[in-house]
Amino acid sequence: MTFEQVKEILTTKGGLPAAPIAPDASLASANIDSMALVVLSMQVEEGTGVEVSEDVLAQAATVAELAELVGRYAEPRA
Amino acid sequence: MNGRDGGFRGATGTAAVLTGLGAWLPPRRVTNDDLCARLDTSDEWIRERIGIAERRLAAPDVSTGDMAVEAAARAMASAGVDAVDALLVATSSPDHPCPATAPWVAHRLGLPQVAAFDIAAGCSGFVHACAVAAGLIASGAARRVLVVGAETMSAMVDPDDRATAPIFGDGAGAAVFEADSPHAEGALGPVVWGSDGSLADAIVVPAGGARGRHERAGAPQGDFFVHMRGNEVFRHAVRRMTHAAREAAARAGWRIDEVDRLIAHQANLRINLAVADALGIPADQVPSNIRDVGNTAAASVPLLLADACDKGELKPGHKVLLVSFGSGLAWAATTLVWPAGLAPRL
Amino acid sequence: MTLSSTAGPVPVAAGLWHEQHVPLYWRGLRYTARVVRPDPSQHVPPAPSPPGDTGTPAVTEPLLLLGGALQDMYSWPRLERRIAPWTPIVLVDLPGTGTADDLAPDQGFDFLADAALHLLDHLALPRVNVLGTSYGAPIAYRIAQRHPDRVARLLLAGTTRRVPAPVRALLREVADHLEAVVRGEEPPAQDDGTGTARRENAERLVDLLINKGARERVEQSDAARRLLCRQFLRTAPTEALRNAACHRRLLGADLIPDGGIRGVPALVFTGEHDITTTPDDNRSVAATIEGAAFVLLRHADHMAHLERDGEYAELVLRFLRDLPLDGLPFCTSPEYLPQPSAHRAG
């Protein structure tokens, strides 16, 4: 999943303002709280059927890393 | 009810019973080697002559009142109480010459309007304050008293004075006393105490008070720190503590060989061993924490009580003899049977 | 316990906000306030004005936020970032919650109101806005009732005069269960959180807070449910005991003391689908407050602050800034309830 897709979910479904959501922003400075992570993980599950725990997502240091994490989980494994 | 030697026995049949203990030490450890970088002394000398390996020193923005609050809150939690009738702070390093530190401590603890005042009896302050608490409870003036011993000795000591700098440390200890039967475990026994003002200058901060104020402007900087005539203090400490402890045990109806633990003010390890020896109490019945915290003045007795109880050196049913000595000169001794179920908060 | 942060305290957007932690004691119990305000050293983008707000930003008093039993001072990042541009927010872990010391089970909302007032005194805030949600509402109510002069505006969300019988029964069972788990009489949840009594218990508690029947109408219902469920399953034993104590506190005497409130502008609100404290429960509290406005947030239940965080914040901010509440698309028109004669201003 790309950064833009993650940002889209966070702003349309997660209720977050778009401006602070930059690739190198930390989760805190992008306002990404656990409610936003739950919403994100539920959206990913809905789209791909793969379960991603928000605890795993919370490990991401930046939004770009978050997108990468989501991508790694959401894409079928080799 | 003054006895011949300045002792008294509670008159109303209501005793002050120890129900909670708290302790707080600043995190910064200062070893002898740390001091030797500045002072002409050695780790070996300090360990051998005083019995101290390290002491805790408060950060510059931490005051006696701050440490008192920490220890007092822990003592209240240990006793499971959320209110007291009086709060006494024993200290020789108050936050200010005026006002007393205790009202601020009470305010900070969320104990508004409680009676609160300081007790100045030097290193003996905590045991003196326990005696005052016992009196307040015996008279019915209070049912529950919070007694704190707190010191920022690093504010009182000249860091370049090798006679005092290695000795003192900072910290705070506190105890909660509640009204109960004199036969209850934890009840403070008769108090034996006294003073000798002829030796007021044996441990003294010469400048900064009312005496000699006309010379304050010209006073050397060192006169605003503690001066101590160590050898003289040593001799008087051994004599006065031995006598007071023996009398306090006798008034409690105990023979010295029945005493399970001697808790003495941690001034100097050798003083305490000399007192124990003079009393005939074996050294292994004399808990000590001076090696780790130094001489914390009025905080030393509650810190030692909390430490020894925590380590299991004070056990329920132990006959415990408390004795202290400090500037003034002033000394005090009392007894208690160690209560069951007391869990200090450190 | 935190509803809105998974990896420990997550501060509001770093750089934009300045947060200050203030250690406090009330009756010897340690607790902490957290004050969030714009960082003066940073450029903070102007807050979006609510629709219809054409005036200059009226300065309002700081907002004291007293949250729910399962929340702490880090649980409100979404409200913080919307309110802080206008006025400082004071959040607090009162005794018995979050990072604070435990509160004895026999202490109730009067004690907590005193602790909250002590906090205002300590921060030298003579007058504040107070928002009390759920467990925080009885505390906020008491502050306004006893000190109407110190409350500029009172906001109560998800409140009730008395916990209704079915909820009482469930809260009691949940508390019993939590205590049983801590005593080791019940197995703890598995890592996957399946198949245990604890999981069932968590789901029952969530069913109490989230209206299952309205999940189609509450957009974020499933996300809020999942967040709460995870949180309950993750609860450590010591937290579980505190939660049990909080639940039991809600079972005590009337949550809202008699006597009503006069002379304080007030808003009472909750989600239109709230089953924990129903719209009528909330209405009955509003009826005890002279002149109180009552509104229901659409598409939300008791967890409205999670489900409709933007609208929740807008409603709060409008009321804090004395803007009209009429014609808002996300809530009902304000109702002004007739006061029972006993509460009518005389």
# chains A, B, ... in the order shown; residues from 1 in each chain; ligands from 1
>>> residues_around(residues="Leu29 (chain C)", least_positions_apart="5", cutoff="8 Å", atoms="only C-alpha atoms", output="tab-separated table (two decimals) with C-alpha atoms, in the first residue's frame")
chain	number	residue	atom	x	y	z
B	73	ALA	CA	3.12	10.64	51.06
B	77	ALA	CA	0.21	5.21	51.93
B	82	ASP	CA	-5.67	10.11	53.96
B	109	LEU	CA	0.37	16.92	50.42
C	95	PRO	CA	-6.30	9.30	42.43
C	100	ALA	CA	-2.00	8.24	40.11
C	101	ASP	CA	-1.90	6.44	43.45
C	102	ASP	CA	-4.72	4.06	44.29
C	103	LEU	CA	-7.81	5.51	45.89
>>> residues_around(residues="Arg240 (chain B)", least_positions_apart="5", cutoff="10 Å", atoms="only C-alpha atoms", output="MDAnalysis selection string")
chainID B and resid 193:195 235 245:246 275 323:325 329:333
>>> write_last_selection(atoms="N, CA, C and O atoms", output="CSV table (one decimal), in the first residue's frame")
chain,number,residue,atom,x,y,z
B,193,TRP,N,15.0,12.4,77.4
B,193,TRP,CA,15.6,13.3,76.5
B,193,TRP,C,16.2,14.4,77.3
B,193,TRP,O,16.0,14.6,78.5
B,194,GLY,N,17.0,15.2,76.6
B,194,GLY,CA,17.7,16.3,77.3
B,194,GLY,C,18.5,17.2,76.4
B,194,GLY,O,18.5,17.0,75.2
B,195,SER,N,19.2,18.2,77.0
B,195,SER,CA,20.0,19.1,76.2
B,195,SER,C,21.2,19.6,77.0
B,195,SER,O,21.2,19.5,78.2
B,235,ARG,N,32.8,12.2,71.7
B,235,ARG,CA,32.8,11.8,73.1
B,235,ARG,C,31.5,12.0,73.8
B,235,ARG,O,30.9,11.1,74.5
B,245,ALA,N,19.7,5.8,76.3
B,245,ALA,CA,19.2,4.6,75.9
B,245,ALA,C,18.9,3.6,77.1
B,245,ALA,O,17.9,3.0,77.2
B,246,ARG,N,19.9,3.6,78.0
B,246,ARG,CA,19.8,2.7,79.1
B,246,ARG,C,18.6,3.1,80.0
B,246,ARG,O,17.8,2.3,80.4
B,275,VAL,N,28.5,2.9,71.5
B,275,VAL,CA,27.3,3.0,72.3
B,275,VAL,C,26.8,1.6,72.6
B,275,VAL,O,26.5,1.2,73.7
B,323,VAL,N,17.5,5.8,69.8
B,323,VAL,CA,18.3,6.8,70.5
B,323,VAL,C,18.9,7.7,69.4
B,323,VAL,O,19.3,7.3,68.3
B,324,SER,N,19.0,9.0,69.8
B,324,SER,CA,19.5,10.0,68.8
B,324,SER,C,20.2,11.1,69.6
B,324,SER,O,20.0,11.3,70.8
B,325,PHE,N,21.1,11.8,68.8
B,325,PHE,CA,21.9,12.8,69.4
B,325,PHE,C,22.3,13.8,68.4
B,325,PHE,O,22.6,13.4,67.2
B,329,LEU,N,23.7,21.0,72.4
B,329,LEU,CA,23.5,19.6,72.1
B,329,LEU,C,22.1,19.1,72.5
B,329,LEU,O,21.5,19.7,73.5
B,330,ALA,N,21.5,18.1,71.9
B,330,ALA,CA,20.2,17.6,72.3
B,330,ALA,C,20.3,16.1,72.0
B,330,ALA,O,20.9,15.6,71.1
B,331,TRP,N,19.6,15.3,72.9
B,331,TRP,CA,19.5,13.9,72.7
B,331,TRP,C,18.1,13.4,73.2
B,331,TRP,O,17.4,14.1,73.9
B,332,ALA,N,17.8,12.2,72.7
B,332,ALA,CA,16.5,11.6,73.1
B,332,ALA,C,16.5,10.1,72.8
B,332,ALA,O,17.3,9.6,71.9
B,333,ALA,N,15.8,9.4,73.6
B,333,ALA,CA,15.6,7.9,73.5
B,333,ALA,C,14.2,7.5,73.8
B,333,ALA,O,13.6,8.1,74.7
>>> residues_around(residues="Cys98 (chain B)", least_positions_apart="4", cutoff="12 Å", atoms="only C-alpha atoms", output="list in words")
Ser93, Pro94, Ala102, Pro103, Trp104, Phe117, Asp118 and Gly209 of chain B
>>> closest_residue(among="C:Asp322, C:Gly271, C:Val163, C:Tyr74", to="chain A", atoms="only C-alpha atoms")
C:Tyr74
>>> closest_residue(among="B:Gly253, B:Gly80, B:Gly13, B:Gly110", to="chain C", atoms="only C-alpha atoms")
B:Gly110
>>> closest_atom_pairs(of="chain A", to="chain C", cutoff="10 Å", atoms="only C-alpha atoms", output="JSON lines")
{"residue": "A:Lys13", "atom": "CA", "partner": "C:Gln220", "partner_atom": "CA", "distance": 8.6}
{"residue": "A:Gly14", "atom": "CA", "partner": "C:Gln220", "partner_atom": "CA", "distance": 8.9}
{"residue": "A:Gly15", "atom": "CA", "partner": "C:Gly310", "partner_atom": "CA", "distance": 7.4}
{"residue": "A:Leu16", "atom": "CA", "partner": "C:Arg78", "partner_atom": "CA", "distance": 8.6}
{"residue": "A:Pro20", "atom": "CA", "partner": "C:Ala13", "partner_atom": "CA", "distance": 8.5}
{"residue": "A:Ala25", "atom": "CA", "partner": "C:Ala14", "partner_atom": "CA", "distance": 9.7}
{"residue": "A:Ser26", "atom": "CA", "partner": "C:Ala14", "partner_atom": "CA", "distance": 8.5}
{"residue": "A:Leu27", "atom": "CA", "partner": "C:Ala13", "partner_atom": "CA", "distance": 8.6}
{"residue": "A:Ala28", "atom": "CA", "partner": "C:Ala13", "partner_atom": "CA", "distance": 5.4}
{"residue": "A:Ser29", "atom": "CA", "partner": "C:Ala13", "partner_atom": "CA", "distance": 3.8}
{"residue": "A:Ala30", "atom": "CA", "partner": "C:Ala13", "partner_atom": "CA", "distance": 6.4}
{"residue": "A:Asn31", "atom": "CA", "partner": "C:Ala13", "partner_atom": "CA", "distance": 5.7}
{"residue": "A:Ile32", "atom": "CA", "partner": "C:Ala13", "partner_atom": "CA", "distance": 8.9}
{"residue": "A:Asp33", "atom": "CA", "partner": "C:Ser5", "partner_atom": "CA", "distance": 5.6}
{"residue": "A:Ser34", "atom": "CA", "partner": "C:Ser5", "partner_atom": "CA", "distance": 4.8}
{"residue": "A:Met35", "atom": "CA", "partner": "C:Ser4", "partner_atom": "CA", "distance": 5.8}
{"residue": "A:Ala36", "atom": "CA", "partner": "C:Ser4", "partner_atom": "CA", "distance": 8.7}
{"residue": "A:Leu37", "atom": "CA", "partner": "C:Thr6", "partner_atom": "CA", "distance": 9.1}
{"residue": "A:Val38", "atom": "CA", "partner": "C:Ala223", "partner_atom": "CA", "distance": 5.9}
{"residue": "A:Val39", "atom": "CA", "partner": "C:Ala223", "partner_atom": "CA", "distance": 5.7}
{"residue": "A:Leu40", "atom": "CA", "partner": "C:Ala223", "partner_atom": "CA", "distance": 9.3}
{"residue": "A:Ser41", "atom": "CA", "partner": "C:Ala223", "partner_atom": "CA", "distance": 9.3}
{"residue": "A:Met42", "atom": "CA", "partner": "C:Ala223", "partner_atom": "CA", "distance": 7.3}
{"residue": "A:Gln43", "atom": "CA", "partner": "C:Ala223", "partner_atom": "CA", "distance": 9.9}
{"residue": "A:Glu54", "atom": "CA", "partner": "C:Thr6", "partner_atom": "CA", "distance": 8.0}
{"residue": "A:Asp55", "atom": "CA", "partner": "C:Thr6", "partner_atom": "CA", "distance": 6.6}
{"residue": "A:Val56", "atom": "CA", "partner": "C:Thr6", "partner_atom": "CA", "distance": 9.9}
{"residue": "A:Leu57", "atom": "CA", "partner": "C:Thr6", "partner_atom": "CA", "distance": 9.7}
{"residue": "A:Ala58", "atom": "CA", "partner": "C:Ala7", "partner_atom": "CA", "distance": 6.6}
{"residue": "A:Gln59", "atom": "CA", "partner": "C:Ala7", "partner_atom": "CA", "distance": 7.9}
>>> interface_residues(of="chain C", to="chain B", cutoff="12 Å", atoms="only C-alpha atoms", output="MDAnalysis selection string")
chainID C and resid 22:31 95 101:107 111:112 114:119 121:122
>>> select_by_dssp(residues="region 39-239 of chain C", states="helix (DSSP H, G or I)", output="ChimeraX atom specification")
/C:77-83,109-122,134-146,148-150,165-182,197-209,212-214,221-234,237-239
>>> atom_distance(atom1="CA of Glu54 (chain B)", atom2="CA of Pro97 (chain B)")
28.8 Å
>>> select_by_dssp(residues="region 65-292 of chain C", states="strand (DSSP E)", output="PDB file with N, CA and C atoms, in the first residue's frame")
ATOM      1  N   LEU C  65     -10.643  18.957  31.978  1.00  0.00           N
ATOM      2  CA  LEU C  65     -11.321  17.800  31.405  1.00  0.00           C
ATOM      3  C   LEU C  65     -11.246  16.631  32.383  1.00  0.00           C
ATOM      4  N   LEU C  66     -12.393  16.169  32.832  1.00  0.00           N
ATOM      5  CA  LEU C  66     -12.459  15.028  33.752  1.00  0.00           C
ATOM      6  C   LEU C  66     -13.090  13.875  32.985  1.00  0.00           C
ATOM      7  N   ILE C  89      -5.789  23.230  27.875  1.00  0.00           N
ATOM      8  CA  ILE C  89      -6.587  22.122  28.411  1.00  0.00           C
ATOM      9  C   ILE C  89      -5.835  21.523  29.586  1.00  0.00           C
ATOM     10  N   VAL C  90      -6.545  21.333  30.676  1.00  0.00           N
ATOM     11  CA  VAL C  90      -5.964  20.688  31.848  1.00  0.00           C
ATOM     12  C   VAL C  90      -6.550  19.292  31.928  1.00  0.00           C
ATOM     13  N   LEU C  91      -5.687  18.281  31.771  1.00  0.00           N
ATOM     14  CA  LEU C  91      -6.130  16.895  31.920  1.00  0.00           C
ATOM     15  C   LEU C  91      -5.526  16.372  33.203  1.00  0.00           C
ATOM     16  N   VAL C  92      -6.112  15.350  33.776  1.00  0.00           N
ATOM     17  CA  VAL C  92      -5.606  14.901  35.074  1.00  0.00           C
ATOM     18  C   VAL C  92      -5.867  13.417  35.269  1.00  0.00           C
ATOM     19  N   ASP C  93      -4.869  12.747  35.833  1.00  0.00           N
ATOM     20  CA  ASP C  93      -5.090  11.403  36.365  1.00  0.00           C
ATOM     21  C   ASP C  93      -5.411  11.576  37.840  1.00  0.00           C
ATOM     22  N   VAL C 128     -12.510  28.218  35.625  1.00  0.00           N
ATOM     23  CA  VAL C 128     -12.253  27.365  34.463  1.00  0.00           C
ATOM     24  C   VAL C 128     -13.577  26.893  33.866  1.00  0.00           C
ATOM     25  N   ASN C 129     -13.488  26.392  32.637  1.00  0.00           N
ATOM     26  CA  ASN C 129     -14.574  25.588  32.084  1.00  0.00           C
ATOM     27  C   ASN C 129     -14.326  24.159  32.535  1.00  0.00           C
ATOM     28  N   VAL C 130     -15.383  23.414  32.837  1.00  0.00           N
ATOM     29  CA  VAL C 130     -15.203  22.031  33.279  1.00  0.00           C
ATOM     30  C   VAL C 130     -16.034  21.117  32.386  1.00  0.00           C
ATOM     31  N   LEU C 131     -15.361  20.135  31.787  1.00  0.00           N
ATOM     32  CA  LEU C 131     -16.066  19.094  31.029  1.00  0.00           C
ATOM     33  C   LEU C 131     -15.896  17.781  31.787  1.00  0.00           C
ATOM     34  N   GLY C 132     -17.006  17.212  32.233  1.00  0.00           N
ATOM     35  CA  GLY C 132     -16.981  15.922  32.926  1.00  0.00           C
ATOM     36  C   GLY C 132     -17.708  14.908  32.082  1.00  0.00           C
ATOM     37  N   THR C 133     -17.014  13.815  31.750  1.00  0.00           N
ATOM     38  CA  THR C 133     -17.659  12.807  30.917  1.00  0.00           C
ATOM     39  C   THR C 133     -17.792  11.516  31.713  1.00  0.00           C
ATOM     40  N   VAL C 151     -16.566  28.063  38.224  1.00  0.00           N
ATOM     41  CA  VAL C 151     -16.852  27.346  36.974  1.00  0.00           C
ATOM     42  C   VAL C 151     -17.507  28.307  35.993  1.00  0.00           C
ATOM     43  N   ALA C 152     -16.772  28.646  34.936  1.00  0.00           N
ATOM     44  CA  ALA C 152     -17.303  29.579  33.933  1.00  0.00           C
ATOM     45  C   ALA C 152     -18.408  28.907  33.140  1.00  0.00           C
ATOM     46  N   ARG C 153     -18.172  27.668  32.746  1.00  0.00           N
ATOM     47  CA  ARG C 153     -19.169  26.882  32.018  1.00  0.00           C
ATOM     48  C   ARG C 153     -19.000  25.423  32.424  1.00  0.00           C
ATOM     49  N   LEU C 154     -20.125  24.742  32.545  1.00  0.00           N
ATOM     50  CA  LEU C 154     -20.099  23.324  32.913  1.00  0.00           C
ATOM     51  C   LEU C 154     -20.612  22.504  31.752  1.00  0.00           C
ATOM     52  N   LEU C 155     -19.845  21.498  31.360  1.00  0.00           N
ATOM     53  CA  LEU C 155     -20.292  20.584  30.307  1.00  0.00           C
ATOM     54  C   LEU C 155     -20.286  19.171  30.878  1.00  0.00           C
ATOM     55  N   LEU C 156     -21.416  18.491  30.731  1.00  0.00           N
ATOM     56  CA  LEU C 156     -21.513  17.107  31.200  1.00  0.00           C
ATOM     57  C   LEU C 156     -21.882  16.242  30.006  1.00  0.00           C
ATOM     58  N   ALA C 157     -21.147  15.150  29.832  1.00  0.00           N
ATOM     59  CA  ALA C 157     -21.422  14.263  28.707  1.00  0.00           C
ATOM     60  C   ALA C 157     -21.566  12.840  29.205  1.00  0.00           C
ATOM     61  N   ALA C 266     -24.590  25.854  31.521  1.00  0.00           N
ATOM     62  CA  ALA C 266     -24.294  24.421  31.426  1.00  0.00           C
ATOM     63  C   ALA C 266     -24.839  23.814  30.147  1.00  0.00           C
ATOM     64  N   LEU C 267     -24.094  22.815  29.668  1.00  0.00           N
ATOM     65  CA  LEU C 267     -24.523  22.015  28.516  1.00  0.00           C
ATOM     66  C   LEU C 267     -24.417  20.548  28.907  1.00  0.00           C
ATOM     67  N   VAL C 268     -25.507  19.806  28.692  1.00  0.00           N
ATOM     68  CA  VAL C 268     -25.490  18.368  28.923  1.00  0.00           C
ATOM     69  C   VAL C 268     -25.726  17.705  27.569  1.00  0.00           C
ATOM     70  N   PHE C 269     -24.882  16.714  27.254  1.00  0.00           N
ATOM     71  CA  PHE C 269     -25.068  16.059  25.950  1.00  0.00           C
ATOM     72  C   PHE C 269     -24.543  14.630  25.993  1.00  0.00           C
ATOM     73  N   THR C 270     -25.007  13.843  25.020  1.00  0.00           N
ATOM     74  CA  THR C 270     -24.455  12.511  24.794  1.00  0.00           C
ATOM     75  C   THR C 270     -24.846  12.091  23.381  1.00  0.00           C
ATOM     76  N   GLY C 271     -24.434  10.872  22.990  1.00  0.00           N
ATOM     77  CA  GLY C 271     -24.834  10.367  21.679  1.00  0.00           C
ATOM     78  C   GLY C 271     -26.293   9.951  21.711  1.00  0.00           C
TER      79      GLY C 271
END
>>> atom_distance(atom1="CA of Pro206 (chain B)", atom2="CA of Pro220 (chain B)")
9.9 Å
>>> residues_around(residues="Ala248 (chain B)", least_positions_apart="4", cutoff="8 Å", atoms="only C-alpha atoms", output="number ranges by chain")
B: 189-192, 244, 252, 321, 333-335
>>> residues_around(residues="Val89 (chain B)", least_positions_apart="2", cutoff="10 Å", atoms="only C-alpha atoms", output="PyMOL selection string")
chain B and resi 64-65+68+72+87+91-92+94+100-103+105-106+116-120+125-126+129+146-151+172+174+298-299
>>> residues_around(residues="Lys7 (chain A)", least_positions_apart="2", cutoff="9 Å", atoms="only C-alpha atoms", output="NGL selection string")
:A and (2-5 or 9-12 or 18 or 21-22 or 63 or 67)
>>> write_last_selection(atoms="N, CA and C atoms", output="compact mmCIF listing (two decimals), in the first residue's frame")
# COMPACT_ATOMS: atom_id res chain seq x y z
N THR A 2 0.48 2.23 -0.74
CA THR A 2 1.33 3.42 -0.85
C THR A 2 1.02 4.40 0.28
N PHE A 3 1.95 5.34 0.44
CA PHE A 3 1.74 6.40 1.41
C PHE A 3 0.43 7.14 1.12
N GLU A 4 0.20 7.43 -0.15
CA GLU A 4 -1.01 8.18 -0.50
C GLU A 4 -2.28 7.43 -0.13
N GLN A 5 -2.25 6.11 -0.31
CA GLN A 5 -3.44 5.31 0.05
C GLN A 5 -3.68 5.34 1.56
N ILE A 9 -6.95 6.89 3.64
CA ILE A 9 -7.77 6.20 4.64
C ILE A 9 -7.81 7.00 5.94
N LEU A 10 -6.64 7.48 6.37
CA LEU A 10 -6.57 8.19 7.64
C LEU A 10 -7.40 9.47 7.62
N THR A 11 -7.47 10.13 6.48
CA THR A 11 -8.20 11.40 6.44
C THR A 11 -9.69 11.19 6.18
N THR A 12 -10.03 10.23 5.31
CA THR A 12 -11.45 10.06 5.01
C THR A 12 -12.16 9.19 6.05
N ALA A 18 -5.37 16.43 7.10
CA ALA A 18 -4.41 15.91 6.11
C ALA A 18 -3.02 16.52 6.28
N ILE A 21 0.03 14.86 7.97
CA ILE A 21 0.37 13.50 7.56
C ILE A 21 1.38 13.55 6.41
N ALA A 22 2.64 13.63 6.79
CA ALA A 22 3.73 13.66 5.81
C ALA A 22 4.53 12.37 5.95
N VAL A 63 5.18 7.90 9.20
CA VAL A 63 4.03 7.54 8.39
C VAL A 63 4.48 6.69 7.19
N ALA A 67 3.08 3.01 6.17
CA ALA A 67 2.59 2.57 4.86
C ALA A 67 3.32 1.31 4.42
>>> atom_distance(atom1="CA of Glu239 (chain C)", atom2="CA of His302 (chain C)")
21.9 Å
>>> decode(residues="region 35-46 of chain A", atoms="N, CA, C and O atoms", output="PDB file, in the first residue's frame")
ATOM      1  N   MET A  35      -7.071   5.091  17.842  1.00  0.00           N
ATOM      2  CA  MET A  35      -8.344   4.993  17.121  1.00  0.00           C
ATOM      3  C   MET A  35      -8.072   5.018  15.617  1.00  0.00           C
ATOM      4  O   MET A  35      -8.646   4.232  14.864  1.00  0.00           O
ATOM      5  N   ALA A  36      -7.173   5.906  15.176  1.00  0.00           N
ATOM      6  CA  ALA A  36      -6.841   5.982  13.753  1.00  0.00           C
ATOM      7  C   ALA A  36      -6.213   4.674  13.282  1.00  0.00           C
ATOM      8  O   ALA A  36      -6.485   4.204  12.171  1.00  0.00           O
ATOM      9  N   LEU A  37      -5.371   4.074  14.129  1.00  0.00           N
ATOM     10  CA  LEU A  37      -4.736   2.802  13.752  1.00  0.00           C
ATOM     11  C   LEU A  37      -5.758   1.680  13.652  1.00  0.00           C
ATOM     12  O   LEU A  37      -5.668   0.827  12.762  1.00  0.00           O
ATOM     13  N   VAL A  38      -6.739   1.690  14.545  1.00  0.00           N
ATOM     14  CA  VAL A  38      -7.791   0.667  14.463  1.00  0.00           C
ATOM     15  C   VAL A  38      -8.563   0.830  13.158  1.00  0.00           C
ATOM     16  O   VAL A  38      -8.816  -0.140  12.436  1.00  0.00           O
ATOM     17  N   VAL A  39      -8.911   2.069  12.858  1.00  0.00           N
ATOM     18  CA  VAL A  39      -9.648   2.321  11.626  1.00  0.00           C
ATOM     19  C   VAL A  39      -8.827   1.851  10.424  1.00  0.00           C
ATOM     20  O   VAL A  39      -9.344   1.175   9.531  1.00  0.00           O
ATOM     21  N   LEU A  40      -7.542   2.176  10.437  1.00  0.00           N
ATOM     22  CA  LEU A  40      -6.670   1.776   9.323  1.00  0.00           C
ATOM     23  C   LEU A  40      -6.609   0.256   9.196  1.00  0.00           C
ATOM     24  O   LEU A  40      -6.765  -0.304   8.106  1.00  0.00           O
ATOM     25  N   SER A  41      -6.404  -0.415  10.332  1.00  0.00           N
ATOM     26  CA  SER A  41      -6.259  -1.874  10.238  1.00  0.00           C
ATOM     27  C   SER A  41      -7.572  -2.518   9.798  1.00  0.00           C
ATOM     28  O   SER A  41      -7.574  -3.500   9.063  1.00  0.00           O
ATOM     29  N   MET A  42      -8.700  -1.941  10.215  1.00  0.00           N
ATOM     30  CA  MET A  42      -9.981  -2.502   9.781  1.00  0.00           C
ATOM     31  C   MET A  42     -10.194  -2.290   8.276  1.00  0.00           C
ATOM     32  O   MET A  42     -10.740  -3.156   7.598  1.00  0.00           O
ATOM     33  N   GLN A  43      -9.748  -1.143   7.775  1.00  0.00           N
ATOM     34  CA  GLN A  43      -9.868  -0.882   6.342  1.00  0.00           C
ATOM     35  C   GLN A  43      -9.015  -1.867   5.539  1.00  0.00           C
ATOM     36  O   GLN A  43      -9.436  -2.374   4.511  1.00  0.00           O
ATOM     37  N   VAL A  44      -7.807  -2.121   6.052  1.00  0.00           N
ATOM     38  CA  VAL A  44      -6.929  -3.062   5.360  1.00  0.00           C
ATOM     39  C   VAL A  44      -7.555  -4.450   5.367  1.00  0.00           C
ATOM     40  O   VAL A  44      -7.578  -5.152   4.349  1.00  0.00           O
ATOM     41  N   GLU A  45      -8.103  -4.839   6.500  1.00  0.00           N
ATOM     42  CA  GLU A  45      -8.725  -6.159   6.593  1.00  0.00           C
ATOM     43  C   GLU A  45      -9.887  -6.287   5.620  1.00  0.00           C
ATOM     44  O   GLU A  45     -10.080  -7.316   4.984  1.00  0.00           O
ATOM     45  N   GLU A  46     -10.653  -5.202   5.531  1.00  0.00           N
ATOM     46  CA  GLU A  46     -11.813  -5.224   4.657  1.00  0.00           C
ATOM     47  C   GLU A  46     -11.381  -5.381   3.206  1.00  0.00           C
ATOM     48  O   GLU A  46     -11.981  -6.126   2.444  1.00  0.00           O
TER      49      GLU A  46
END
